[in-house]
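Visitor: So I've got this file, entry.cif, and it contains mmCIF, C-alpha atoms (C1' of nucleotides):
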```cif
data_structure
loop_
_atom_site.label_atom_id
_atom_site.label_comp_id
_atom_site.auth_asym_id
_atom_site.auth_seq_id
_atom_site.Cartn_x
_atom_site.Cartn_y
_atom_site.Cartn_z
CA MET T 1 -0.59 34.45 -10.87
CA PHE T 2 -1.86 33.43 -14.28
CA LEU T 3 1.58 34.04 -15.76
CA LYS T 4 2.99 30.88 -14.21
CA PHE T 5 0.13 28.84 -15.61
CA ASN T 6 0.72 30.46 -18.98
CA GLN T 7 4.39 29.46 -18.85
CA TYR T 8 3.52 25.94 -17.78
CA LEU T 9 1.20 25.47 -20.73
CA ASN T 10 3.51 27.03 -23.28
CA GLU T 11 6.47 24.92 -22.23
CA ARG T 12 4.47 21.75 -22.74
CA SER T 13 2.32 22.57 -25.74
CA ASP T 14 2.67 25.99 -27.15
CA MET T 15 -0.43 28.04 -27.54
CA THR T 16 -1.33 31.02 -29.64
CA ALA T 17 -2.20 34.27 -27.91
CA ASP T 18 -5.86 33.72 -28.73
CA GLU T 19 -5.87 30.26 -27.24
CA MET T 20 -4.13 31.53 -24.16
CA ASN T 21 -6.74 34.23 -23.79
CA ALA T 22 -9.52 31.70 -24.04
CA ILE T 23 -7.93 29.76 -21.21
CA ARG T 24 -7.39 32.88 -19.19
CA ALA T 25 -11.03 33.87 -19.63
CA VAL T 26 -12.21 30.85 -17.68
CA SER T 27 -9.39 30.68 -15.13
CA ILE T 28 -10.27 31.59 -11.58
CA GLU T 29 -7.40 32.71 -9.39
CA LYS T 30 -7.63 31.74 -5.78
CA LYS T 31 -5.50 31.90 -2.68
CA LEU T 32 -5.68 29.35 0.07
CA ARG T 33 -4.30 29.73 3.53
CA LYS T 34 -2.51 26.88 5.23
CA LYS T 35 -5.03 24.30 6.47
CA GLN T 36 -7.79 25.71 4.29
CA TYR T 37 -9.94 23.20 2.44
CA LEU T 38 -10.15 23.25 -1.32
CA LEU T 39 -12.60 20.38 -1.23
CA GLN T 40 -14.32 18.79 1.70
CA GLN T 41 -15.81 15.34 2.09
CA GLY T 42 -19.39 15.51 0.83
CA ASP T 43 -18.74 18.33 -1.64
CA VAL T 44 -18.95 17.71 -5.34
CA CYS T 45 -15.72 18.48 -7.17
CA HIS T 46 -16.68 21.02 -9.84
CA HIS T 47 -13.25 22.31 -10.78
CA ASN T 48 -9.91 21.32 -12.05
CA CYS T 49 -7.25 22.88 -9.89
CA PHE T 50 -3.76 23.82 -11.00
CA ILE T 51 -1.24 24.61 -8.28
CA VAL T 52 0.73 27.77 -9.01
CA LYS T 53 2.39 27.90 -5.63
CA GLY T 54 2.29 25.89 -2.45
CA CYS T 55 1.67 22.33 -1.37
CA MET T 56 -1.56 20.40 -0.94
CA ARG T 57 -2.79 16.97 -0.07
CA LEU T 58 -5.73 14.79 -1.04
CA TYR T 59 -6.76 12.40 1.71
CA ARG T 60 -9.57 10.29 3.01
CA VAL T 61 -10.72 9.96 6.60
CA SER T 62 -11.59 6.39 7.45
CA GLU T 63 -14.29 5.16 9.83
CA ASP T 64 -11.93 5.19 12.78
CA GLY T 65 -10.93 8.78 12.07
CA ALA T 66 -7.51 8.07 10.59
CA GLU T 67 -6.33 10.19 7.68
CA HIS T 68 -4.98 8.41 4.62
CA ILE T 69 -3.12 10.55 2.13
CA LEU T 70 -3.76 9.54 -1.46
CA ARG T 71 -1.57 12.14 -3.06
CA PHE T 72 0.39 15.32 -2.59
CA GLY T 73 0.54 18.19 -5.02
CA VAL T 74 3.05 20.99 -5.44
CA GLU T 75 3.81 23.64 -8.04
CA ASN T 76 2.72 22.65 -11.56
CA TRP T 77 0.62 19.72 -10.40
CA TRP T 78 -3.09 19.34 -10.83
CA MET T 79 -5.22 18.58 -7.85
CA SER T 80 -8.80 17.45 -7.89
CA ASP T 81 -10.93 14.52 -6.93
CA GLN T 82 -11.23 12.81 -10.29
CA GLU T 83 -13.98 10.45 -9.23
CA SER T 84 -16.31 13.13 -7.90
CA TYR T 85 -15.44 15.37 -10.83
CA ARG T 86 -16.29 12.65 -13.30
CA THR T 87 -19.41 11.23 -11.70
CA GLY T 88 -20.82 14.35 -10.07
CA ASN T 89 -21.21 12.42 -6.83
CA PRO T 90 -20.20 13.86 -3.45
CA SER T 91 -16.53 13.35 -2.81
CA LYS T 92 -15.34 10.91 -0.18
CA ASN T 93 -12.07 12.78 0.04
CA ASN T 94 -10.68 16.02 1.33
CA ILE T 95 -8.22 18.37 -0.27
CA ASP T 96 -6.48 20.95 1.87
CA ALA T 97 -3.49 23.24 1.83
CA LEU T 98 -0.33 22.26 3.67
CA GLU T 99 1.12 25.70 2.98
CA ASN T 100 -0.35 28.97 1.84
CA CYS T 101 -1.24 28.31 -1.77
CA GLU T 102 -2.04 30.02 -5.02
CA VAL T 103 -4.18 27.99 -7.37
CA ILE T 104 -6.05 28.34 -10.62
CA LEU T 105 -9.48 26.79 -10.88
CA ILE T 106 -11.30 25.94 -14.09
CA ASP T 107 -14.90 24.93 -13.94
CA LYS T 108 -15.78 21.51 -15.32
CA SER T 109 -17.96 22.79 -18.16
CA ASP T 110 -15.40 25.43 -19.13
CA PHE T 111 -12.69 22.82 -19.02
CA SER T 112 -14.53 20.42 -21.32
CA GLN T 113 -15.18 23.27 -23.69
CA LEU T 114 -11.49 24.19 -23.73
CA LYS T 115 -10.61 20.63 -24.62
CA ILE T 116 -12.96 20.83 -27.59
CA ASP T 117 -12.04 24.32 -28.74
CA ILE T 118 -8.30 23.83 -28.35
CA PRO T 119 -7.45 20.28 -29.47
CA LYS T 120 -3.82 20.88 -28.49
CA PHE T 121 -4.97 21.50 -24.96
CA GLY T 122 -7.20 18.44 -24.94
CA CYS T 123 -4.39 16.34 -26.26
CA PHE T 124 -2.01 17.62 -23.61
CA ILE T 125 -4.47 16.84 -20.84
CA GLU T 126 -5.01 13.34 -22.20
CA LYS T 127 -1.31 12.68 -22.19
CA LEU T 128 -1.12 13.93 -18.64
CA LYS T 129 -3.88 11.58 -17.61
CA ALA T 130 -2.21 8.66 -19.33
CA ARG T 131 1.04 9.31 -17.51
CA SER T 132 -0.82 9.71 -14.29
CA PHE T 133 -2.46 6.34 -14.83
CA ASP T 134 0.89 4.69 -15.41
CA ALA T 135 2.17 6.26 -12.23
CA SER T 136 -0.77 4.76 -10.37
CA GLN T 137 0.05 1.34 -11.73
CA ASN T 138 3.62 1.69 -10.62
CA ARG T 139 2.52 2.75 -7.19
CA ILE T 140 0.30 -0.31 -6.95
CA LEU T 141 3.18 -2.52 -8.05
CA SER T 142 5.32 -0.97 -5.37
CA HIS T 143 2.67 -1.72 -2.77
CA ILE T 144 2.42 -5.38 -3.67
CA SER T 145 6.10 -6.01 -4.16
CA ASP T 146 8.35 -3.61 -2.25
CA THR T 147 9.35 -3.54 1.39
CA THR T 148 8.47 -0.42 3.34
CA GLU T 149 12.10 0.61 3.28
CA VAL T 150 12.21 0.49 -0.51
CA LYS T 151 8.95 2.39 -0.77
CA TYR T 152 10.41 5.08 1.43
CA GLN T 153 13.64 5.26 -0.55
CA ASN T 154 11.68 5.52 -3.79
CA PHE T 155 9.60 8.31 -2.39
CA ILE T 156 12.69 10.28 -1.45
CA THR T 157 14.34 9.82 -4.81
CA PHE T 158 11.27 10.48 -6.95
CA PHE T 159 9.70 13.26 -4.90
CA PRO T 160 12.54 15.02 -3.11
CA ASP T 161 10.69 18.31 -3.44
CA ILE T 162 7.71 16.91 -1.55
CA PHE T 163 9.83 15.04 0.95
CA ASN T 164 11.54 18.26 1.95
CA ARG T 165 8.44 20.22 2.74
CA VAL T 166 6.02 17.72 4.21
CA PRO T 167 6.12 16.29 7.74
CA LEU T 168 7.28 12.72 8.05
CA HIS T 169 4.04 11.45 9.51
CA MET T 170 2.25 12.47 6.34
CA ILE T 171 4.71 10.54 4.24
CA ALA T 172 4.03 7.59 6.51
CA SER T 173 0.33 8.01 5.82
CA TYR T 174 0.98 8.19 2.07
CA LEU T 175 3.04 5.01 2.23
CA GLY T 176 0.53 3.22 4.42
CA VAL T 177 2.65 2.67 7.52
CA SER T 178 2.61 4.11 11.03
CA ARG T 179 4.75 7.14 11.74
CA GLU T 180 6.69 5.17 14.35
CA THR T 181 7.64 2.51 11.85
CA LEU T 182 8.77 5.08 9.34
CA SER T 183 10.78 6.86 11.99
CA ARG T 184 12.58 3.61 12.81
CA ILE T 185 13.20 2.79 9.17
CA ARG T 186 14.72 6.18 8.62
CA LYS T 187 16.96 5.63 11.61
CA ASN T 188 18.23 2.33 10.21
CA ILE T 189 19.10 3.93 6.90
CA ARG T 190 21.46 6.44 8.47
CA MET P 1 -15.63 -14.22 -32.34
CA PHE P 2 -16.09 -10.67 -33.52
CA LEU P 3 -19.80 -10.90 -32.74
CA LYS P 4 -19.21 -10.67 -29.00
CA PHE P 5 -17.06 -7.61 -29.46
CA ASN P 6 -19.76 -6.15 -31.65
CA GLN P 7 -22.34 -6.72 -28.92
CA TYR P 8 -20.07 -5.28 -26.28
CA LEU P 9 -19.62 -2.07 -28.24
CA ASN P 10 -23.25 -1.70 -29.18
CA GLU P 11 -24.45 -2.14 -25.63
CA ARG P 12 -22.21 0.65 -24.42
CA SER P 13 -22.27 3.10 -27.30
CA ASP P 14 -24.30 2.11 -30.29
CA MET P 15 -22.58 2.15 -33.62
CA THR P 16 -23.83 2.31 -37.17
CA ALA P 17 -23.18 -0.62 -39.45
CA ASP P 18 -20.51 1.39 -41.24
CA GLU P 19 -18.71 2.23 -38.03
CA MET P 20 -18.88 -1.37 -36.95
CA ASN P 21 -17.39 -2.44 -40.25
CA ALA P 22 -14.55 0.01 -39.86
CA ILE P 23 -13.79 -1.51 -36.49
CA ARG P 24 -14.08 -5.00 -37.83
CA ALA P 25 -11.67 -4.17 -40.64
CA VAL P 26 -8.81 -3.58 -38.21
CA SER P 27 -9.72 -6.27 -35.67
CA ILE P 28 -7.41 -9.24 -35.48
CA GLU P 29 -8.90 -12.39 -34.03
CA LYS P 30 -6.54 -14.53 -32.03
CA LYS P 31 -6.69 -17.62 -29.88
CA LEU P 32 -4.37 -18.22 -26.99
CA ARG P 33 -3.79 -21.48 -25.27
CA LYS P 34 -3.52 -21.65 -21.51
CA LYS P 35 -0.09 -20.39 -20.38
CA GLN P 36 0.57 -18.74 -23.73
CA TYR P 37 2.07 -15.27 -23.61
CA LEU P 38 0.27 -12.35 -25.17
CA LEU P 39 3.13 -10.07 -24.22
CA GLN P 40 6.48 -10.91 -22.78
CA GLN P 41 8.88 -8.82 -20.78
CA GLY P 42 11.05 -6.91 -23.24
CA ASP P 43 8.43 -6.82 -26.00
CA VAL P 44 6.84 -3.56 -27.02
CA CYS P 45 3.08 -3.55 -26.61
CA HIS P 46 1.73 -2.67 -30.06
CA HIS P 47 -1.90 -3.69 -29.63
CA ASN P 48 -4.96 -3.12 -27.60
CA CYS P 49 -6.42 -6.44 -26.61
CA PHE P 50 -10.07 -7.14 -25.92
CA ILE P 51 -10.91 -10.41 -24.18
CA VAL P 52 -13.79 -12.21 -25.85
CA LYS P 53 -13.38 -15.36 -23.83
CA GLY P 54 -11.07 -16.62 -21.14
CA CYS P 55 -8.99 -15.23 -18.33
CA MET P 56 -5.59 -13.52 -18.38
CA ARG P 57 -3.16 -11.86 -16.05
CA LEU P 58 -0.68 -9.01 -16.26
CA TYR P 59 2.28 -9.46 -13.93
CA ARG P 60 5.83 -8.43 -13.29
CA VAL P 61 8.71 -10.66 -12.30
CA SER P 62 10.90 -9.02 -9.68
CA GLU P 63 14.65 -9.34 -9.25
CA ASP P 64 14.27 -12.30 -6.91
CA GLY P 65 12.08 -14.12 -9.43
CA ALA P 66 8.77 -13.57 -7.66
CA GLU P 67 5.69 -12.88 -9.78
CA HIS P 68 3.54 -9.91 -8.86
CA ILE P 69 0.12 -9.77 -10.47
CA LEU P 70 -0.95 -6.26 -11.38
CA ARG P 71 -4.30 -7.16 -12.83
CA PHE P 72 -6.54 -9.90 -14.07
CA GLY P 73 -8.77 -9.74 -17.11
CA VAL P 74 -11.82 -11.75 -18.09
CA GLU P 75 -14.56 -11.48 -20.73
CA ASN P 76 -15.22 -7.91 -21.84
CA TRP P 77 -12.09 -6.51 -20.26
CA TRP P 78 -9.21 -4.90 -22.07
CA MET P 79 -5.73 -6.12 -21.47
CA SER P 80 -2.55 -4.40 -22.49
CA ASP P 81 0.51 -2.84 -21.00
CA GLN P 82 -0.51 0.80 -21.08
CA GLU P 83 2.94 2.13 -20.31
CA SER P 84 4.72 0.25 -23.08
CA TYR P 85 1.84 0.95 -25.44
CA ARG P 86 2.03 4.66 -24.73
CA THR P 87 5.78 5.16 -24.67
CA GLY P 88 6.85 2.52 -27.17
CA ASN P 89 9.42 1.25 -24.71
CA PRO P 90 9.96 -2.44 -24.02
CA SER P 91 7.50 -3.71 -21.46
CA LYS P 92 8.62 -4.66 -17.98
CA ASN P 93 5.56 -6.86 -17.61
CA ASN P 94 4.18 -10.11 -18.92
CA ILE P 95 0.67 -10.94 -20.01
CA ASP P 96 -0.34 -14.55 -20.31
CA ALA P 97 -3.44 -16.70 -20.51
CA LEU P 98 -4.73 -18.46 -17.40
CA GLU P 99 -7.26 -20.31 -19.56
CA ASN P 100 -7.61 -20.89 -23.26
CA CYS P 101 -8.59 -17.48 -24.56
CA GLU P 102 -10.13 -15.75 -27.53
CA VAL P 103 -9.06 -12.17 -27.96
CA ILE P 104 -9.34 -9.35 -30.43
CA LEU P 105 -6.29 -7.26 -31.14
CA ILE P 106 -6.26 -3.80 -32.63
CA ASP P 107 -2.98 -2.28 -33.68
CA LYS P 108 -2.02 0.99 -32.04
CA SER P 109 -2.11 3.07 -35.21
CA ASP P 110 -5.44 1.55 -36.27
CA PHE P 111 -6.80 2.16 -32.81
CA SER P 112 -5.83 5.84 -32.80
CA GLN P 113 -7.37 6.22 -36.22
CA LEU P 114 -10.62 4.65 -35.02
CA LYS P 115 -10.76 7.12 -32.15
CA ILE P 116 -10.48 9.96 -34.63
CA ASP P 117 -12.84 8.56 -37.27
CA ILE P 118 -15.49 7.47 -34.79
CA PRO P 119 -15.72 10.09 -32.04
CA LYS P 120 -18.29 7.96 -30.23
CA PHE P 121 -15.70 5.23 -29.99
CA GLY P 122 -13.01 7.62 -28.80
CA CYS P 123 -15.34 9.02 -26.21
CA PHE P 124 -16.24 5.57 -24.96
CA ILE P 125 -12.60 4.61 -24.61
CA GLU P 126 -11.84 7.79 -22.71
CA LYS P 127 -14.63 7.08 -20.26
CA LEU P 128 -13.29 3.60 -19.79
CA LYS P 129 -9.85 4.95 -19.04
CA ALA P 130 -11.24 7.45 -16.58
CA ARG P 131 -13.09 4.75 -14.69
CA SER P 132 -10.04 2.60 -14.77
CA PHE P 133 -8.03 5.41 -13.24
CA ASP P 134 -10.54 5.85 -10.44
CA ALA P 135 -10.37 2.12 -9.78
CA SER P 136 -6.60 2.42 -9.46
CA GLN P 137 -6.97 5.18 -6.93
CA ASN P 138 -9.36 3.09 -4.90
CA ARG P 139 -6.99 0.18 -5.00
CA ILE P 140 -4.20 2.39 -3.72
CA LEU P 141 -6.42 3.65 -0.95
CA SER P 142 -7.21 0.09 -0.01
CA HIS P 143 -3.51 -0.71 0.16
CA ILE P 144 -2.71 2.15 2.50
CA SER P 145 -5.75 1.82 4.73
CA ASP P 146 -7.26 -1.68 4.75
CA THR P 147 -6.19 -4.81 6.58
CA THR P 148 -5.37 -7.82 4.47
CA GLU P 149 -8.63 -9.42 5.51
CA VAL P 150 -10.66 -6.47 4.26
CA LYS P 151 -8.72 -6.39 1.00
CA TYR P 152 -9.53 -10.05 0.49
CA GLN P 153 -13.22 -9.57 1.30
CA ASN P 154 -13.39 -6.66 -1.13
CA PHE P 155 -11.80 -8.72 -3.83
CA ILE P 156 -14.36 -11.47 -3.39
CA THR P 157 -17.31 -9.11 -3.43
CA PHE P 158 -16.15 -6.95 -6.32
CA PHE P 159 -14.63 -9.65 -8.52
CA PRO P 160 -16.50 -12.86 -7.71
CA ASP P 161 -16.13 -13.95 -11.34
CA ILE P 162 -12.35 -13.72 -11.09
CA PHE P 163 -12.21 -15.19 -7.60
CA ASN P 164 -14.01 -18.30 -8.81
CA ARG P 165 -11.66 -19.13 -11.64
CA VAL P 166 -8.23 -18.13 -10.44
CA PRO P 167 -6.04 -20.04 -7.97
CA LEU P 168 -5.77 -18.56 -4.51
CA HIS P 169 -2.04 -18.00 -4.66
CA MET P 170 -2.55 -15.63 -7.57
CA ILE P 171 -5.07 -13.63 -5.60
CA ALA P 172 -2.49 -13.48 -2.84
CA SER P 173 -0.01 -12.14 -5.35
CA TYR P 174 -2.54 -9.56 -6.55
CA LEU P 175 -3.19 -8.45 -2.97
CA GLY P 176 0.49 -8.37 -2.09
CA VAL P 177 0.55 -11.05 0.61
CA SER P 178 2.01 -14.53 0.78
CA ARG P 179 -0.19 -17.46 -0.17
CA GLU P 180 0.18 -18.89 3.32
CA THR P 181 -1.17 -15.74 4.91
CA LEU P 182 -4.13 -15.64 2.58
CA SER P 183 -4.84 -19.28 3.23
CA ARG P 184 -4.93 -18.59 6.96
CA ILE P 185 -7.12 -15.53 6.57
CA ARG P 186 -9.58 -17.49 4.54
CA LYS P 187 -9.66 -20.13 7.25
CA ASN P 188 -10.48 -17.56 9.93
CA ILE P 189 -13.36 -16.18 7.92
CA ARG P 190 -15.16 -19.50 7.77
"C1'" DC M 1 -1.90 -43.90 -12.05
"C1'" DG M 2 1.76 -40.57 -11.68
"C1'" DA M 3 3.00 -35.88 -12.12
"C1'" DT M 4 2.01 -31.42 -11.44
"C1'" DT M 5 -0.19 -27.73 -9.40
"C1'" DC M 6 -2.47 -25.86 -5.59
"C1'" DT M 7 -3.61 -25.47 -0.68
"C1'" DT M 8 -2.94 -26.06 4.06
"C1'" DT M 9 -0.41 -26.44 8.44
"C1'" DG M 10 3.17 -25.77 12.06
"C1'" DA M 11 6.96 -23.42 14.18
"C1'" DA M 12 10.34 -19.82 14.31
"C1'" DA M 13 11.83 -15.37 13.04
"C1'" DA M 14 11.14 -10.87 11.15
"C1'" DC M 15 8.29 -7.09 10.84
"C1'" DA M 16 4.83 -3.60 11.97
"C1'" DG M 17 1.34 -1.58 15.06
"C1'" DT M 18 0.00 0.40 19.52
"C1'" DC M 19 0.51 2.98 23.61
"C1'" DA M 20 2.86 5.96 26.49
"C1'" DA M 21 6.55 8.89 27.39
"C1'" DT M 22 10.02 12.04 26.03
"C1'" DC M 23 12.47 15.21 23.10
"C1'" DT M 24 12.78 18.89 19.63
"C1'" DG M 25 11.89 22.92 17.30
"C1'" DT M 26 8.61 26.73 16.22
"C1'" DG M 27 5.91 30.33 17.02
"C1'" DT M 28 2.67 33.16 19.93
"C1'" DG M 29 1.19 36.02 23.56
"C1'" DG M 30 2.18 38.17 27.82
"C1'" DC U 1 12.60 38.30 25.99
"C1'" DC U 2 10.74 34.52 28.26
"C1'" DA U 3 7.33 31.05 29.15
"C1'" DC U 4 4.24 28.28 27.19
"C1'" DA U 5 1.66 25.73 23.94
"C1'" DC U 6 1.76 23.06 19.95
"C1'" DA U 7 3.08 20.18 16.25
"C1'" DG U 8 6.26 16.89 14.96
"C1'" DA U 9 9.77 13.19 15.75
"C1'" DT U 10 11.74 9.66 18.40
"C1'" DT U 11 12.15 5.81 21.65
"C1'" DG U 12 11.01 1.66 24.52
"C1'" DA U 13 8.17 -2.13 25.70
"C1'" DC U 14 4.70 -4.92 24.32
"C1'" DT U 15 1.44 -7.12 21.22
"C1'" DG U 16 -0.13 -8.72 17.05
"C1'" DT U 17 0.55 -9.84 12.22
"C1'" DT U 18 3.08 -11.57 8.34
"C1'" DT U 19 6.85 -13.98 6.27
"C1'" DT U 20 9.65 -17.82 5.70
"C1'" DC U 21 10.76 -22.54 5.45
"C1'" DA U 22 9.59 -27.17 5.45
"C1'" DA U 23 6.36 -30.64 5.07
"C1'" DA U 24 2.28 -32.77 3.98
"C1'" DG U 25 -2.41 -33.00 2.18
"C1'" DA U 26 -5.92 -32.10 -1.85
"C1'" DA U 27 -7.16 -31.57 -6.38
"C1'" DT U 28 -6.51 -31.78 -11.29
"C1'" DC U 29 -4.90 -33.44 -15.64
"C1'" DG U 30 -2.86 -36.08 -19.13
#
```
Can you turn what I pasted into structure tokens?
Guide:
Amino acid sequence: MFLKFNQYLNERSDMTADEMNAIRAVSIEKKLRKKQYLLQQGDVCHHNCFIVKGCMRLYRVSEDGAEHILRFGVENWWMSDQESYRTGNPSKNNIDALENCEVILIDKSDFSQLKIDIPKFGCFIEKLKARSFDASQNRILSHISDTTEVKYQNFITFFPDIFNRVPLHMIASYLGVSRETLSRIRKNIR
Amino acid sequence: MFLKFNQYLNERSDMTADEMNAIRAVSIEKKLRKKQYLLQQGDVCHHNCFIVKGCMRLYRVSEDGAEHILRFGVENWWMSDQESYRTGNPSKNNIDALENCEVILIDKSDFSQLKIDIPKFGCFIEKLKARSFDASQNRILSHISDTTEVKYQNFITFFPDIFNRVPLHMIASYLGVSRETLSRIRKNIR
DNA sequence: CGATTCTTTGAAAACAGTCAATCTGTGTGG
DNA sequence: CCACACAGATTGACTGTTTTCAAAGAATCG
């Protein structure tokens, strides 16, 4: 399982064997079954999670019990609750597996140490975060300026891999519309 | 003008006199008149901008000519187009002054050097970015789960300082609703 | 004061949410 | 292998919200 993570890192910022071993030493391999929680509301997020295989979602349950999906994650994505991870406060969100998953966990303290010991690694992670921030901004822009139809079209074109393996009602949740509305929009497009 | 920036930095991560001088050496003081652009669509964002005084907005103009406000900035906030700054590509956004402003600019290469030379500074900036990312996530959550009324109430409670000095139609733009709708919502609340 | 910018209002049309019912495909246990 | 349950998708009818357009009413500024 670690091999895929190894490949991922080497493709993006090549590591020496020693560095790779240091990363391996703190990597925890874990398998999740479909519907299994990686993080549950109230837990503190202590790990960074890299998805080797499978599909996951991060969502929040609102007062009225509705689930709101903040993000999806598939192969080669990272998945954690940044806010809880950063602050050490209990998470308000849930992360669970939409398929059987294989993930690699790295504990927060190990992860910080890696960033210090392997500047290349730290630098790579920073770049990732920066891109992730820009993506957030673009998503916000989309929310304040695009019609639901455009948001849906964008989702399909930018995340076809997610679109093809996630039920439509979850995409509706991610976009912030009811499943019925999304169903009708999809019908109009055809 | 630099004094305020000095205070800001010292309150959050205290600096030695030498460090402060290094920062001062690369700080460019600038005044902007109301409506003046700091960055215009098509420009590359070469600077980080710290707002000493005044109020600014970052917005995008869509195909149909509508302005969509991505963020506001007031005293002690940073204001730049992260995406253009990071990639070096022409910005798709505009930044302009909503009031007469005093700002401090630091060139990208100087800024990176500061982060290296003064780890405390780098660390502070990273924390800022992390919090900013979490704020983005919360804003996205709000967009997919809150009613317009709740979004408006949240804006008032979390950014009363902005609410009090920015016209309502710009808040509408920030929230992604028409000014008429926001005007009616505000009426219902009273 | 006049011009500009901002806010409010009304009425019609477009859009989205809710509820209830139905349809579809998948997989499980008897 | 079939019957059944279950999760997901679709549809219709209705309700509620938001946009749009047009007009008019405040507020602000030079």
Visitor: List as a list of chain:residue names: which residues have an atom within 8 Å of (7.5, -11.3, -15.0), counting only C-alpha atoms (C1' of nucleotides)?
Guide: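 Residues with an atom at most 8 Å from (7.5, -11.3, -15.0): P:Gln40, P:Gln41, P:Tyr59, P:Arg60, P:Val61, P:Ser62, P:Gly65, P:Ala66, P:Glu67, P:His68, P:Lys92, P:Asn93, P:Asn94.
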Visitor: Would you save the residues of that selection, restricted to C-alpha atoms, as a short mmCIF file (atom, residue, chain, number, x, y, z; two decimals), keeping the file's coordinate frame?
Guide:
```cif
data_model
loop_
_atom_site.label_atom_id
_atom_site.label_comp_id
_atom_site.auth_asym_id
_atom_site.auth_seq_id
_atom_site.Cartn_x
_atom_site.Cartn_y
_atom_site.Cartn_z
CA GLN P 40 6.48 -10.91 -22.78
CA GLN P 41 8.88 -8.82 -20.78
CA TYR P 59 2.28 -9.46 -13.93
CA ARG P 60 5.83 -8.43 -13.29
CA VAL P 61 8.71 -10.66 -12.30
CA SER P 62 10.90 -9.02 -9.68
CA GLY P 65 12.08 -14.12 -9.43
CA ALA P 66 8.77 -13.57 -7.66
CA GLU P 67 5.69 -12.88 -9.78
CA HIS P 68 3.54 -9.91 -8.86
CA LYS P 92 8.62 -4.66 -17.98
CA ASN P 93 5.56 -6.86 -17.61
CA ASN P 94 4.18 -10.11 -18.92
#
```
Visitor: Pick out the closest residue to U:DG25 from this set: M:DC6, M:DA11, M:DA16, M:DA21. Count only C-alpha atoms (C1' of nucleotides).
Guide: M:DC6
Visitor: Counting all atoms listed in the file, which residues from chain T have an atom at most 10 Å from any atom of chain U, and could you show them as a list in words?
Guide: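 That gives Pro167, Leu168, His169, Arg179, Glu180, Ser183, Arg184 and Lys187 of chain T for chain T.
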Visitor: Given a cut-off of 6 Å, which residues of chain T touch chain P, counting all atoms listed in the file, written out as a list in words?
Guide: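 The selection requested is Glu83, Phe133, Asp134, Ile144 and Gly176 of chain T.
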Visitor: Of the residues M:DG29, M:DA12, M:DC1, M:DG17, which is the one nearest to chain P, using all atoms listed in the file?
Guide: M:DG17
Visitor: When the PyMOL selection byres ((chain P and resi 45) around 8) is applied to the file above, which residues end up in the set, as a list in words?
Guide: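 Checking the PyMOL selection byres ((chain P and resi 45) around 8) against this file, the residues are Leu39, Asp43, Val44, His46, His47, Ser80, Asp81, Gln82, Ser84, Tyr85, Gly88, Pro90 and Ser91 of chain P.
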Visitor: To one decimal place in Å, what is the distance between atom CA of T:Lys4 and atom CA of T:Leu105?
Guide: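 Calculated distance between atom CA of T:Lys4 and atom CA of T:Leu105 is 13.5 Å.
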Visitor: Any idea what's packed within 10 Å of P:Ile23, counting only C-alpha atoms (C1' of nucleotides), ignoring anything in its chain fewer than 6 positions away? Could you give it as an MDAnalysis selection string?
Guide: chainID P and resid 2 5:6 15 17 106 110:111 114 118 121
Visitor: Residues of chain M that approach chain P to 12 Å or less, counting all atoms listed in the file: could you list each one with the shortest pair of atoms and its distance in Å to one decimal, rows by chain and increasing residue number, as JSON lines?
Guide:
```
{"residue": "M:DT5", "atom": "C1'", "partner": "P:Pro167", "partner_atom": "CA", "distance": 9.8}
{"residue": "M:DC6", "atom": "C1'", "partner": "P:Pro167", "partner_atom": "CA", "distance": 7.2}
{"residue": "M:DT7", "atom": "C1'", "partner": "P:Ser183", "partner_atom": "CA", "distance": 7.4}
{"residue": "M:DT8", "atom": "C1'", "partner": "P:Ser183", "partner_atom": "CA", "distance": 7.1}
{"residue": "M:DT9", "atom": "C1'", "partner": "P:Glu180", "partner_atom": "CA", "distance": 9.1}
{"residue": "M:DG10", "atom": "C1'", "partner": "P:Glu180", "partner_atom": "CA", "distance": 11.5}
{"residue": "M:DG17", "atom": "C1'", "partner": "P:Thr147", "partner_atom": "CA", "distance": 11.8}
```
Visitor: Just how far from atom CA of T:Pro160 is atom CA of T:Cys123, in Å to one decimal?
Guide: 28.7 Å
Visitor: Using only C-alpha atoms, which residue out of T:Leu128, T:Ile116, T:Ile104, T:Ile95 lies closest to T:Ile28?
Guide: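 Among the listed residues, the smallest separation from T:Ile28 belongs to T:Ile104.
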